[in-house]
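Structure below is final.txt: compact mmCIF, C-alpha atoms.
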# COMPACT_ATOMS: atom_id res chain seq x y z
CA MET Q 768 69.35 19.89 -105.39
CA LEU Q 769 67.13 16.85 -104.96
CA ASN Q 770 67.18 17.19 -101.18
CA ALA Q 771 66.08 20.83 -101.42
CA ARG Q 772 63.40 20.16 -104.03
CA GLU Q 773 60.57 19.46 -101.58
CA GLU Q 774 61.23 22.69 -99.69
CA VAL Q 775 61.44 25.01 -102.70
CA GLU Q 776 59.24 23.32 -105.29
CA HIS Q 777 56.12 25.14 -104.04
CA GLU Q 778 57.83 28.44 -104.91
CA ILE Q 779 57.44 27.65 -108.63
CA MET Q 780 54.18 28.83 -110.13
CA TRP Q 781 53.26 27.61 -113.60
CA GLU Q 782 51.96 30.14 -116.10
CA MET Q 783 49.48 28.41 -118.39
CA LYS Q 784 50.27 28.40 -122.10
CA SER Q 785 49.40 24.93 -123.43
CA GLY Q 786 48.02 23.53 -120.16
CA THR Q 787 50.29 20.49 -119.89
CA THR Q 788 50.96 21.23 -116.22
CA SER Q 789 49.77 18.63 -113.71
CA ILE Q 790 46.48 19.63 -112.06
CA TRP Q 791 47.31 17.96 -108.76
CA HIS Q 792 51.09 18.16 -108.35
CA GLU Q 793 52.12 21.59 -109.68
CA ASN Q 794 51.39 25.07 -108.35
CA TRP Q 795 49.34 26.54 -111.21
CA ILE Q 796 46.75 28.45 -109.14
CA GLY Q 797 49.23 30.43 -107.00
CA ILE Q 798 48.47 28.89 -103.60
CA GLY Q 799 50.40 25.63 -103.91
CA SER Q 800 49.85 22.26 -105.52
CA LEU Q 801 46.27 21.09 -105.11
CA TYR Q 802 47.49 17.74 -103.81
CA HIS Q 803 48.78 19.58 -100.71
CA VAL Q 804 46.11 22.32 -100.56
CA LEU Q 805 42.97 20.20 -100.68
CA PRO Q 806 41.71 18.63 -97.45
CA PRO Q 807 42.88 14.99 -97.05
CA GLU Q 808 39.32 13.67 -97.20
CA PHE Q 809 38.54 15.48 -100.45
CA PRO Q 810 38.17 12.98 -103.35
CA ILE Q 811 40.65 13.45 -106.20
CA ASP Q 812 39.56 12.56 -109.71
CA GLU Q 813 42.52 10.51 -110.95
CA GLU Q 814 41.31 10.77 -114.57
CA LEU Q 815 42.09 14.50 -114.57
CA GLU Q 816 45.80 14.95 -115.17
CA ASP Q 817 46.60 18.14 -117.10
CA VAL Q 818 45.14 21.62 -116.64
CA VAL Q 819 44.05 21.70 -120.30
CA GLN Q 820 41.41 19.07 -119.41
CA LEU Q 821 39.63 21.75 -117.35
CA ARG Q 822 39.11 23.84 -120.48
CA GLN Q 823 36.21 23.84 -122.90
CA GLU Q 824 37.25 25.46 -126.16
CA ARG Q 825 38.84 28.81 -125.10
CA ALA Q 826 37.31 29.12 -121.60
CA TRP Q 827 37.26 27.27 -118.31
CA ASN Q 828 34.81 24.37 -118.10
CA GLU Q 829 33.11 25.81 -115.01
CA GLN Q 830 30.84 22.81 -114.52
CA LEU Q 831 33.82 20.40 -114.43
CA ILE Q 832 35.76 22.74 -112.13
CA HIS Q 833 32.78 22.94 -109.74
CA GLN Q 834 32.57 19.14 -109.72
CA SER Q 835 36.31 18.67 -109.17
CA PHE Q 836 37.22 21.20 -106.48
CA PRO Q 837 35.82 22.85 -103.34
CA GLU Q 838 33.96 26.12 -103.83
CA ASP Q 839 36.78 28.42 -102.65
CA ILE Q 840 39.29 26.78 -105.03
CA THR Q 841 36.75 26.87 -107.88
CA ASP Q 842 36.11 30.60 -107.37
CA HIS Q 843 39.86 31.28 -107.20
CA ILE Q 844 40.53 29.42 -110.47
CA ILE Q 845 37.70 31.07 -112.40
CA GLN Q 846 38.47 34.59 -111.13
CA ASN Q 847 42.27 34.64 -110.84
CA VAL Q 848 43.93 32.04 -113.06
CA HIS Q 849 44.70 33.28 -116.55
CA PHE Q 850 45.20 30.77 -119.35
CA ASP Q 851 46.88 32.10 -122.53
CA ASP Q 852 45.76 29.06 -124.54
CA THR Q 853 48.81 29.10 -126.81
CA GLU Q 854 49.21 25.47 -127.76
CA GLU Q 855 52.57 25.92 -129.48
CA LEU Q 856 54.20 27.16 -126.25
CA TRP Q 857 55.11 25.15 -123.16
CA ASP Q 858 53.73 26.15 -119.79
CA ARG Q 859 56.20 28.58 -118.21
CA PRO Q 860 57.65 28.18 -114.71
CA TYR Q 861 57.72 31.39 -112.69
CA TRP Q 862 60.03 31.56 -109.64
CA MET Q 863 57.91 33.51 -107.12
CA PRO Q 864 60.67 34.69 -104.72
CA THR Q 865 62.17 37.00 -107.38
CA SER Q 866 60.38 39.88 -109.10
CA SER Q 867 61.74 38.76 -112.48
CA GLY Q 868 60.36 35.23 -112.10
CA LYS Q 869 63.79 33.78 -112.83
CA PHE Q 870 65.46 31.32 -110.50
CA THR Q 871 68.52 32.45 -108.57
CA VAL Q 872 70.62 30.36 -106.23
CA ASN Q 873 70.61 33.24 -103.75
CA SER Q 874 66.80 33.32 -103.54
CA ALA Q 875 66.68 29.55 -103.01
CA TRP Q 876 69.36 29.84 -100.33
CA GLN Q 877 67.33 32.50 -98.52
CA ILE Q 878 64.41 30.06 -98.36
CA LEU Q 879 66.48 27.07 -97.23
CA ARG Q 880 68.87 28.56 -94.75
CA LEU Q 881 68.12 28.42 -91.07
CA ARG Q 882 68.52 31.80 -89.50
CA ALA Q 883 69.42 32.07 -85.86
CA ALA Q 884 67.85 34.75 -83.75
CA PRO Q 885 69.88 37.98 -83.94
CA ASN Q 886 72.50 38.25 -81.21
CA GLN Q 887 71.74 41.42 -79.24
CA GLU Q 888 75.38 41.87 -78.18
CA TYR Q 889 76.48 41.82 -81.81
CA LYS Q 890 73.80 44.33 -82.73
CA GLN Q 891 75.22 46.73 -80.15
CA MET Q 892 78.84 46.18 -81.19
CA TRP Q 893 78.35 46.36 -84.93
CA THR Q 894 76.25 49.48 -85.36
CA LYS Q 895 76.11 51.82 -88.30
CA GLY Q 896 78.19 54.93 -87.76
CA LEU Q 897 80.47 53.36 -85.15
CA PRO Q 898 84.04 53.18 -86.48
CA PHE Q 899 85.10 49.68 -87.48
CA LYS Q 900 88.15 49.71 -85.20
CA ILE Q 901 85.92 50.41 -82.18
CA SER Q 902 83.49 47.62 -83.15
CA PHE Q 903 86.39 45.23 -83.69
CA PHE Q 904 87.94 46.20 -80.34
CA LEU Q 905 84.61 45.63 -78.55
CA TRP Q 906 84.24 42.26 -80.26
CA ARG Q 907 87.75 41.19 -79.22
CA LEU Q 908 87.09 42.40 -75.67
CA TRP Q 909 83.78 40.52 -75.50
CA ARG Q 910 85.38 37.33 -76.86
CA GLN Q 911 88.35 37.76 -74.44
CA LYS Q 912 90.80 37.94 -77.33
CA LEU Q 913 92.79 40.96 -76.14
CA SER Q 914 96.43 40.32 -75.33
CA SER Q 915 97.56 41.38 -71.89
CA ASP Q 916 100.34 40.68 -69.46
CA ASN Q 917 97.90 38.91 -67.10
CA LEU Q 918 97.66 35.17 -67.64

Can you dump the structure from the file as structure tokens?
Amino acid sequence: MLNAREEVEHEIMWEMKSGTTSIWHENWIGIGSLYHVLPPEFPIDEELEDVVQLRQERAWNEQLIHQSFPEDITDHIIQNVHFDDTEELWDRPYWMPTSSGKFTVNSAWQILRLRAAPNQEYKQMWTKGLPFKISFFLWRLWRQKLSSDNL
């Protein structure tokens, strides 16, 4: 799990409830963690830690957001990121690869696995509508697995 974390962690988007999510290291804006999204030369304000610090009462602190991020990120946050502002609830992780938002091992496996290019011979042998015994015979023939009297 720890080895796969770096590859799948960006697939978790945090839905804001109390705003305790890390500004820089969690995907709370839907395009990845800001630490990886911002240009390398962009200065990061280390005093800002949690998303709730970007709020002023029940709205975004637009002046602070404009000071802290590039214009495109600022516009995205103000226009697209919803903050429920429910302090008694934890921020909620949402697993983006599934429509339900719930993590499944299968969806993580689909992200991690390395798929080889489809084998064209297999695609011709294993076609829909072709009887299985014919496909299996063709596969055995192609792999030279048919028994014969010739050695």

Review point. Could you pull the residues within 9 Å of Q:Pro837, counting only C-alpha atoms, minus those fewer than 4 positions along the same chain, as number ranges by chain?
Key: Q: 805, 809, 832-833, 841-842

Review point. Hey, can you check how far atom CA of Q:Glu855 sits from atom CA of Q:Lys784?
Key: 8.1 Å

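Residues lying within 12 Å of Q:Arg880, counting all atoms listed in the file and ignoring same-chain neighbours fewer than 6 positions away, are Ala771, Glu774, Val775, Val872, Asn873 and Ser874 of chain Q.
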
**Study point:** Two-atom distance - atom CA of Q:Ile798, atom CA of Q:His777 (Å)
**Key:** 8.5 Å

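The two atoms in question, atom CA of Q:Ser800 and atom CA of Q:Trp862, are spaced 14.4 Å apart.
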
Excluding Q:Trp857 and any residue of its chain fewer than 2 positions from it, enumerate the residues within 10 Å of it, using all atoms listed in the file, and give them as an mmCIF file with C-alpha atoms, in the frame of the given file.
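Writing the result to out-v1.cif gives the following:
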data_model
loop_
_atom_site.group_PDB
_atom_site.id
_atom_site.type_symbol
_atom_site.label_atom_id
_atom_site.label_comp_id
_atom_site.auth_asym_id
_atom_site.auth_seq_id
_atom_site.Cartn_x
_atom_site.Cartn_y
_atom_site.Cartn_z
ATOM 1 C CA GLU Q 782 51.960 30.140 -116.100
ATOM 2 C CA MET Q 783 49.480 28.410 -118.390
ATOM 3 C CA LYS Q 784 50.270 28.400 -122.100
ATOM 4 C CA SER Q 785 49.400 24.930 -123.430
ATOM 5 C CA GLY Q 786 48.020 23.530 -120.160
ATOM 6 C CA THR Q 787 50.290 20.490 -119.890
ATOM 7 C CA THR Q 788 50.960 21.230 -116.220
ATOM 8 C CA THR Q 853 48.810 29.100 -126.810
ATOM 9 C CA GLU Q 854 49.210 25.470 -127.760
ATOM 10 C CA GLU Q 855 52.570 25.920 -129.480
ATOM 11 C CA ARG Q 859 56.200 28.580 -118.210
ATOM 12 C CA PRO Q 860 57.650 28.180 -114.710
#

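Distance cut-off 10 Å, centre (39.0, 20.8, -105.3), atoms counted only C-alpha atoms; the residues meeting this are Q:Trp791, Q:Leu801, Q:Tyr802, Q:Val804, Q:Leu805, Q:Pro806, Q:Phe809, Q:Pro810, Q:Ile811, Q:Asp812, Q:Ile832, Q:His833, Q:Gln834, Q:Ser835, Q:Phe836, Q:Pro837, Q:Glu838, Q:Asp839, Q:Ile840, Q:Thr841.
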
Please, can stretch 777-788 of chain Q be completed to all heavy atoms and returned as a short mmCIF file (atom, residue, chain, number, x, y, z; two decimals), in the coordinates of the input?
data_model
loop_
_atom_site.label_atom_id
_atom_site.label_comp_id
_atom_site.auth_asym_id
_atom_site.auth_seq_id
_atom_site.Cartn_x
_atom_site.Cartn_y
_atom_site.Cartn_z
N HIS Q 777 57.37 24.38 -104.10
CA HIS Q 777 56.12 25.14 -104.04
C HIS Q 777 56.31 26.62 -104.39
O HIS Q 777 55.34 27.34 -104.54
CB HIS Q 777 55.48 24.99 -102.66
CG HIS Q 777 56.30 25.58 -101.57
ND1 HIS Q 777 57.34 24.91 -100.98
CD2 HIS Q 777 56.24 26.78 -100.98
CE1 HIS Q 777 57.88 25.69 -100.07
NE2 HIS Q 777 57.23 26.83 -100.04
N GLU Q 778 57.55 27.05 -104.53
CA GLU Q 778 57.83 28.44 -104.91
C GLU Q 778 57.76 28.64 -106.42
O GLU Q 778 57.91 29.75 -106.90
CB GLU Q 778 59.21 28.86 -104.40
CG GLU Q 778 59.35 28.83 -102.89
CD GLU Q 778 58.51 29.89 -102.19
OE1 GLU Q 778 58.11 30.87 -102.82
OE2 GLU Q 778 58.26 29.71 -100.98
N ILE Q 779 57.57 27.56 -107.17
CA ILE Q 779 57.44 27.65 -108.63
C ILE Q 779 55.97 27.69 -108.98
O ILE Q 779 55.23 26.78 -108.64
CB ILE Q 779 58.11 26.46 -109.33
CG1 ILE Q 779 59.59 26.37 -108.98
CG2 ILE Q 779 57.90 26.55 -110.84
CD1 ILE Q 779 60.24 25.08 -109.43
N MET Q 780 55.55 28.75 -109.65
CA MET Q 780 54.18 28.83 -110.13
C MET Q 780 54.21 28.67 -111.64
O MET Q 780 55.06 29.25 -112.31
CB MET Q 780 53.55 30.16 -109.77
CG MET Q 780 52.12 30.25 -110.20
SD MET Q 780 51.35 31.70 -109.50
CE MET Q 780 50.12 31.98 -110.74
N TRP Q 781 53.29 27.89 -112.17
CA TRP Q 781 53.26 27.61 -113.60
C TRP Q 781 52.28 28.53 -114.29
O TRP Q 781 51.10 28.57 -113.95
CB TRP Q 781 52.92 26.15 -113.84
CG TRP Q 781 54.07 25.28 -113.45
CD1 TRP Q 781 54.32 24.76 -112.22
CD2 TRP Q 781 55.14 24.87 -114.29
NE1 TRP Q 781 55.49 24.05 -112.24
CE2 TRP Q 781 56.01 24.10 -113.49
CE3 TRP Q 781 55.44 25.08 -115.63
CZ2 TRP Q 781 57.17 23.53 -114.00
CZ3 TRP Q 781 56.60 24.51 -116.13
CH2 TRP Q 781 57.45 23.75 -115.32
N GLU Q 782 52.79 29.28 -115.27
CA GLU Q 782 51.96 30.14 -116.10
C GLU Q 782 51.43 29.29 -117.25
O GLU Q 782 52.20 28.66 -117.97
CB GLU Q 782 52.81 31.31 -116.63
CG GLU Q 782 52.06 32.26 -117.48
CD GLU Q 782 52.98 33.36 -118.01
OE1 GLU Q 782 54.20 33.35 -117.73
OE2 GLU Q 782 52.46 34.23 -118.70
N MET Q 783 50.11 29.28 -117.40
CA MET Q 783 49.48 28.41 -118.39
C MET Q 783 49.65 28.95 -119.81
O MET Q 783 49.32 30.09 -120.09
CB MET Q 783 47.98 28.27 -118.11
CG MET Q 783 47.65 27.56 -116.82
SD MET Q 783 48.19 25.86 -116.81
CE MET Q 783 49.66 25.97 -115.84
N LYS Q 784 50.17 28.12 -120.66
CA LYS Q 784 50.27 28.40 -122.10
C LYS Q 784 49.53 27.30 -122.86
O LYS Q 784 48.52 27.53 -123.47
CB LYS Q 784 51.73 28.46 -122.56
CG LYS Q 784 52.54 29.55 -121.89
CD LYS Q 784 52.17 30.90 -122.40
CE LYS Q 784 53.09 31.96 -121.79
NZ LYS Q 784 52.70 33.28 -122.18
N SER Q 785 50.05 26.05 -122.77
CA SER Q 785 49.40 24.93 -123.43
C SER Q 785 48.57 24.09 -122.46
O SER Q 785 47.77 23.27 -122.88
CB SER Q 785 50.44 24.05 -124.12
OG SER Q 785 51.32 23.52 -123.16
N GLY Q 786 48.80 24.25 -121.15
CA GLY Q 786 48.02 23.53 -120.16
C GLY Q 786 48.49 22.13 -119.86
O GLY Q 786 47.74 21.32 -119.36
N THR Q 787 49.76 21.84 -120.14
CA THR Q 787 50.29 20.49 -119.89
C THR Q 787 50.76 20.30 -118.45
O THR Q 787 51.25 19.24 -118.10
CB THR Q 787 51.46 20.20 -120.85
OG1 THR Q 787 52.46 21.21 -120.69
CG2 THR Q 787 50.98 20.14 -122.29
N THR Q 788 50.58 21.31 -117.63
CA THR Q 788 50.96 21.23 -116.22
C THR Q 788 50.02 20.29 -115.48
O THR Q 788 48.82 20.27 -115.74
CB THR Q 788 50.91 22.65 -115.60
OG1 THR Q 788 51.87 23.46 -116.26
CG2 THR Q 788 51.19 22.64 -114.12
#
